[in-house]
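This report refers to the structure that appears directly beneath it.
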Amino acid sequence: MDTVLSGIRPTGHLHLGNYYGAVRSFVKMQNEQNCYFFIADWHSLTTHPTPENIQNSTRTILAEYLACGLDPEKATIYIQSDVPETIELYLYLNMNTYIGELGRVTTFKEKARQQPDNVNAGLFTYPTLMAADILQHRAKWVPVGKDQEQNMEMARKCARRFNNIYKTELFPEPQNYYFGAEALKVPGLDGSGKMGKSDGNCIFLCDEEKVVRKKVMRAVTDNGPQTPNSEKPEVIANLFKMMSIVSSADTLRYFEEKWNDCSLRYGDMKKQLAEDMVKVLNPIRERILDFSSDTARLDKIAAEGAMKARESAAATLKEVRRTIGFRVY
Ligand code: ADP
Ligand code: TRP
């Protein structure tokens, strides 16, 4: 069994892109591998949230993950700030990481542009904290989106460098994990290529049924097919892509045929798409409500996850301290 780890910063709500692109696959992996999933609340401090912000968004994301089927009996689900061992490893890794390479990370450069008055040292060392998250469990696979490739390269560098300096093989080099043959990209229904929080085009897992229907009915379309079997423009291709993700093969085929013989009415297609989405989302939303209303249960799940995560991190840290030449306690 391999060790798999992934984390998410607690901001906003999970949307259909997160669900089909990432969460659904974690849910499958927890049955097959030794999985760790955590909420990166330390990382979120780089933008200075309030204490209320942190607590609320951490609980929200935890409830939404659990509602999707992440199971604390199968995977270790925890909150980053509950595992202080991470910070000690972060310190050691920082000693072998150079300001030149941290300064070249594009996510750092982008953030520095977005928040010029708050270019803090935590933002600068974001990649070494992420490396500590991963290496403390000696994870082999990390399911992340393409945007995390550079951070993953830094995590591999941290592992390689530590192993070289101390002539050890303590850390495996963690690899990016993409599900399926290629990463699935859930489209936006506003004419943009991707559903994303920053694009403001999301269908959230917690959206009420009527909100989902309204969002789908507002999806951008055109005048309809003019010539039989023509190629679809991007906005229409996105609508079909979304249908291929949430609807049955028969439904998709039915509307493909309508497109091909130019009898497609977008209103009918959107109604069907909304119906199928609601079918997927209703049970998830109900479970979100159920989990969010029980903060004691959420806190208990997080506390139990933290215990398991700390055990694994402490075992690694013991080896690290011994290797560096510190007392092991
Ligand atoms: P957002 O882009 O909305 O800010 P995050 O960056 O928090 O989302 O992404 C969390 C996870 O969800 C990542 O693994 C990312 O690759 C995945 N993800 C986000 N949007 C999509 C999408 N439209 N299609 C597929 N996967 C997505
Ligand atoms: N940087 C990741 C993101 O923005 C979140 C994250 C923090 C993470 N630590 C991690 C992801 C460790 C995977 C492994 O999405």
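To be explicit about the labels: the chains of the structure tokens are called A, B, and onward in the order shown, and within each one the residues are counted from 1, while ligands get numbers from 1 in the order they are shown.
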*asked:* Taking only C-alpha atoms and all ligand atoms and a cut-off of 9 Å, can you tell me which residues surround ligand 2, written as a PyMOL selection string?
replied: chain A and resi 5-9+37-44+80+126-127+129-134+142-145+147-148+151-152
Quick one: residues within 10 Å of ligand 1, with only C-alpha atoms and all ligand atoms, as a ChimeraX atom specification? /A:6-23,26,142-148,178,183-188,193-202,204
#### Entry: Shell around A:Val320 at 10 Å using only C-alpha atoms, local window under 4 positions removed, as JSON, numbers by chain
{"A": [88, 89, 92, 136, 162, 166, 168, 170, 171, 314, 315, 316, 324, 325, 326, 328]}
### strand (DSSP E) positions in stretch 81-228 of chain A, given as a VMD selection string
chain A and resid 141 to 143 175 to 177
Would you put the residues from that selection into a file with C-alpha atoms, as a tab-separated table (two decimals), in the first residue's frame?
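Result file result_37.tsv:
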chain	number	residue	atom	x	y	z
A	141	TRP	CA	1.75	10.31	-4.16
A	142	VAL	CA	0.19	13.77	-3.97
A	143	PRO	CA	-3.02	14.35	-5.96
A	175	GLN	CA	5.15	12.49	-7.14
A	176	ASN	CA	2.17	14.40	-8.52
A	177	TYR	CA	-0.78	12.12	-8.98
Residues within 10 Å of A:Leu62, please, as a CSV table (one decimal) with N, CA, C and O atoms, in the first residue's frame. Count only C-alpha atoms; anything in the same chain fewer than 6 positions from it doesn't count.
chain,number,residue,atom,x,y,z
A,10,PRO,N,-8.5,26.3,3.5
A,10,PRO,CA,-9.9,26.5,3.8
A,10,PRO,C,-10.4,27.9,3.3
A,10,PRO,O,-10.4,28.8,4.1
A,38,PHE,N,-5.8,16.7,4.5
A,38,PHE,CA,-5.8,17.7,5.6
A,38,PHE,C,-6.2,19.0,5.1
A,38,PHE,O,-6.3,19.3,3.9
A,39,ILE,N,-6.6,19.9,6.1
A,39,ILE,CA,-7.0,21.2,5.8
A,39,ILE,C,-5.9,22.2,6.1
A,39,ILE,O,-5.5,22.2,7.3
A,56,ASN,N,-14.6,29.1,11.0
A,56,ASN,CA,-15.7,28.8,10.2
A,56,ASN,C,-15.4,28.1,8.9
A,56,ASN,O,-16.0,27.1,8.6
A,70,LEU,N,-15.7,11.3,2.1
A,70,LEU,CA,-14.4,11.0,2.8
A,70,LEU,C,-14.7,10.4,4.2
A,70,LEU,O,-15.5,10.9,4.9
A,77,ILE,N,-8.1,12.1,8.4
A,77,ILE,CA,-8.5,13.4,8.0
A,77,ILE,C,-8.2,14.4,9.2
A,77,ILE,O,-8.6,14.1,10.3
A,78,TYR,N,-7.4,15.4,8.9
A,78,TYR,CA,-7.0,16.2,10.0
A,78,TYR,C,-6.8,17.7,9.6
A,78,TYR,O,-6.9,18.0,8.4
A,79,ILE,N,-6.5,18.5,10.6
A,79,ILE,CA,-6.3,19.9,10.4
A,79,ILE,C,-4.8,20.2,10.6
A,79,ILE,O,-4.3,19.8,11.6
A,288,ILE,N,-24.2,17.7,3.9
A,288,ILE,CA,-23.5,18.9,4.4
A,288,ILE,C,-24.2,19.5,5.6
A,288,ILE,O,-23.7,19.8,6.6
A,291,PHE,N,-23.8,17.3,8.7
A,291,PHE,CA,-22.4,17.4,9.3
A,291,PHE,C,-22.2,18.8,9.9
A,291,PHE,O,-21.7,18.9,11.0
A,292,SER,N,-22.7,19.9,9.2
A,292,SER,CA,-22.4,21.2,9.7
A,292,SER,C,-23.1,21.5,10.9
A,292,SER,O,-22.7,22.4,11.7
A,298,LEU,N,-17.8,17.1,14.2
A,298,LEU,CA,-16.7,17.5,13.4
A,298,LEU,C,-15.4,17.7,14.2
A,298,LEU,O,-14.3,17.2,13.7
A,299,ASP,N,-15.5,18.3,15.3
A,299,ASP,CA,-14.3,18.5,16.2
A,299,ASP,C,-13.8,17.1,16.6
A,299,ASP,O,-12.5,17.0,16.7
A,301,ILE,N,-14.0,14.2,15.0
A,301,ILE,CA,-13.3,13.6,13.8
A,301,ILE,C,-12.0,14.2,13.6
A,301,ILE,O,-11.0,13.6,13.4
A,302,ALA,N,-11.9,15.6,13.7
A,302,ALA,CA,-10.6,16.3,13.5
A,302,ALA,C,-9.6,15.9,14.6
A,302,ALA,O,-8.4,15.7,14.3
Can you work out the spacing between atom CA of A:Thr128 and atom CA of A:Glu52 in Å, to one decimal?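 Taking atom CA of A:Thr128 as the start and atom CA of A:Glu52 as the end point, the length is 26.5 Å.
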Could you tell me how far atom CA of A:Pro172 lies from atom CA of A:Met95, in Å and to one decimal?
->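 Interatomic distance here is 19.2 Å.
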In Å, rounded to a single decimal, give me how far atom CA of A:Thr46 is from atom CA of A:Asn118.
->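 Computing it gives 8.3 Å between the two atoms.
Candidate residues A:Met243, A:Cys158, A:Asn229, A:Arg322 were compared for distance to A:Gln272, and the nearest is A:Met243, using only C-alpha atoms.
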Discussion item. Taking only C-alpha atoms into account, name the residue in A:Asp2, A:Glu153, A:Glu256, A:Glu209 that is nearest to A:Ala274.
Written reply: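 That would be A:Glu209, the residue with the smallest distance to A:Ala274.
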Among A:Lys214, A:Lys271, A:Gly191, A:Phe124, A:Asn238 is approached most closely, using only C-alpha atoms, by A:Gly191
Please return, as an MDAnalysis selection string, all residues of stretch 106-305 of chain A that DSSP assigns to alpha helix (DSSP H) on the basis of the backbone. chainID A and resid 106:114 121:124 126:135 149:165 209:217 234:246 249:260 266:292 295:305
Given the selection you just returned, output its residues as a file containing C-alpha atoms, formatted as a short mmCIF file (atom, residue, chain, number, x, y, z; two decimals), in the first residue's frame.
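Output saved as selection-v5.cif:
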data_model
loop_
_atom_site.label_atom_id
_atom_site.label_comp_id
_atom_site.auth_asym_id
_atom_site.auth_seq_id
_atom_site.Cartn_x
_atom_site.Cartn_y
_atom_site.Cartn_z
CA THR A 106 5.40 31.73 -9.76
CA THR A 107 2.63 31.43 -7.15
CA PHE A 108 4.81 33.55 -4.82
CA LYS A 109 5.41 36.15 -7.54
CA GLU A 110 1.70 36.26 -8.34
CA LYS A 111 0.66 36.63 -4.68
CA ALA A 112 3.31 39.30 -4.13
CA ARG A 113 1.75 41.23 -7.01
CA GLN A 114 -1.79 40.73 -5.63
CA ALA A 121 7.99 35.48 5.06
CA GLY A 122 5.26 32.83 5.40
CA LEU A 123 4.20 33.49 1.84
CA PHE A 124 7.83 33.23 0.75
CA TYR A 126 4.89 28.48 1.48
CA PRO A 127 6.62 25.70 -0.55
CA THR A 128 8.74 24.47 2.39
CA LEU A 129 5.68 24.26 4.65
CA MET A 130 3.96 22.28 1.90
CA ALA A 131 7.05 20.05 1.63
CA ALA A 132 6.91 19.46 5.41
CA ASP A 133 3.19 18.51 5.10
CA ILE A 134 4.11 15.87 2.57
CA LEU A 135 7.47 14.59 3.84
CA GLU A 149 3.53 21.53 -10.04
CA GLN A 150 6.19 24.04 -8.98
CA ASN A 151 5.45 23.54 -5.28
CA MET A 152 5.75 19.80 -5.86
CA GLU A 153 9.12 20.32 -7.56
CA MET A 154 10.26 22.18 -4.42
CA ALA A 155 9.01 19.32 -2.21
CA ARG A 156 11.06 16.86 -4.28
CA LYS A 157 14.09 19.15 -4.01
CA CYS A 158 13.68 19.28 -0.20
CA ALA A 159 13.55 15.48 -0.03
CA ARG A 160 16.51 15.00 -2.37
CA ARG A 161 18.64 17.61 -0.64
CA PHE A 162 18.02 16.26 2.85
CA ASN A 163 18.83 12.73 1.67
CA ASN A 164 22.05 13.95 -0.02
CA ILE A 165 23.29 16.13 2.85
CA GLU A 209 -31.98 23.22 -5.65
CA LYS A 210 -33.56 26.38 -7.08
CA VAL A 211 -30.19 28.14 -7.16
CA VAL A 212 -28.69 25.24 -9.13
CA ARG A 213 -31.55 25.35 -11.64
CA LYS A 214 -31.24 29.11 -12.02
CA LYS A 215 -27.47 28.93 -12.59
CA VAL A 216 -27.84 26.20 -15.21
CA MET A 217 -30.69 27.98 -17.03
CA GLU A 234 -16.73 26.30 -27.02
CA VAL A 235 -19.73 27.44 -24.94
CA ILE A 236 -21.87 24.61 -26.33
CA ALA A 237 -19.06 22.08 -26.02
CA ASN A 238 -18.86 23.10 -22.33
CA LEU A 239 -22.56 22.40 -21.88
CA PHE A 240 -22.13 18.94 -23.40
CA LYS A 241 -18.98 18.34 -21.35
CA MET A 242 -20.92 19.13 -18.18
CA MET A 243 -23.67 16.76 -19.31
CA SER A 244 -21.12 14.01 -19.96
CA ILE A 245 -19.98 14.42 -16.34
CA VAL A 246 -23.31 14.46 -14.50
CA ALA A 249 -24.76 8.06 -21.39
CA ASP A 250 -28.28 7.69 -22.84
CA THR A 251 -29.21 11.27 -22.01
CA LEU A 252 -25.99 12.55 -23.54
CA ARG A 253 -26.56 10.50 -26.70
CA TYR A 254 -30.12 11.84 -27.00
CA PHE A 255 -28.96 15.47 -26.98
CA GLU A 256 -25.96 14.73 -29.23
CA GLU A 257 -28.42 13.40 -31.81
CA LYS A 258 -30.56 16.52 -31.42
CA TRP A 259 -27.47 18.65 -31.98
CA ASN A 260 -26.48 16.65 -35.05
CA TYR A 266 -31.06 24.56 -25.38
CA GLY A 267 -33.87 25.18 -22.90
CA ASP A 268 -34.73 21.45 -22.89
CA MET A 269 -31.10 20.46 -22.58
CA LYS A 270 -30.49 22.84 -19.68
CA LYS A 271 -33.60 21.62 -17.89
CA GLN A 272 -32.36 18.04 -18.15
CA LEU A 273 -28.83 19.04 -17.07
CA ALA A 274 -30.19 20.91 -14.05
CA GLU A 275 -32.32 17.89 -13.17
CA ASP A 276 -29.33 15.53 -13.27
CA MET A 277 -27.16 17.94 -11.29
CA VAL A 278 -29.81 18.30 -8.61
CA LYS A 279 -29.94 14.49 -8.38
CA VAL A 280 -26.19 14.40 -7.66
CA LEU A 281 -26.20 17.42 -5.38
CA ASN A 282 -29.30 16.86 -3.25
CA PRO A 283 -27.93 13.99 -1.16
CA ILE A 284 -24.57 15.76 -0.78
CA ARG A 285 -26.26 18.98 0.36
CA GLU A 286 -28.36 17.08 2.86
CA ARG A 287 -25.24 15.49 4.31
CA ILE A 288 -23.51 18.90 4.39
CA LEU A 289 -26.38 20.27 6.48
CA ASP A 290 -26.22 17.21 8.68
CA PHE A 291 -22.45 17.44 9.28
CA SER A 292 -22.37 21.25 9.67
CA THR A 295 -19.82 20.80 15.33
CA ALA A 296 -19.05 18.44 18.23
CA ARG A 297 -18.91 15.54 15.76
CA LEU A 298 -16.70 17.55 13.36
CA ASP A 299 -14.33 18.47 16.16
CA LYS A 300 -14.17 14.85 17.32
CA ILE A 301 -13.34 13.63 13.80
CA ALA A 302 -10.61 16.28 13.53
CA ALA A 303 -9.20 15.39 16.95
CA GLU A 304 -9.04 11.68 16.11
CA GLY A 305 -7.43 12.46 12.76
#
Measuring atom to atom with only C-alpha atoms, identify which of A:Gly224, A:Pro72, A:Pro233, A:Gly100 is nearest to A:Lys308.
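Counting only C-alpha atoms, the residue closest to A:Lys308 is A:Pro72.
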inquiry  = Neighbouring residues of A:Val27 were defined as those with any atom within 8 Å, considering only C-alpha atoms; residues of the same chain fewer than 2 positions away were excluded. Please report them as a list of chain:residue names.
reply    = A:Val23, A:Arg24, A:Ser25, A:Met29, A:Gln30, A:Asn31, A:Cys68, A:Gly69, A:Leu70, A:Asp71
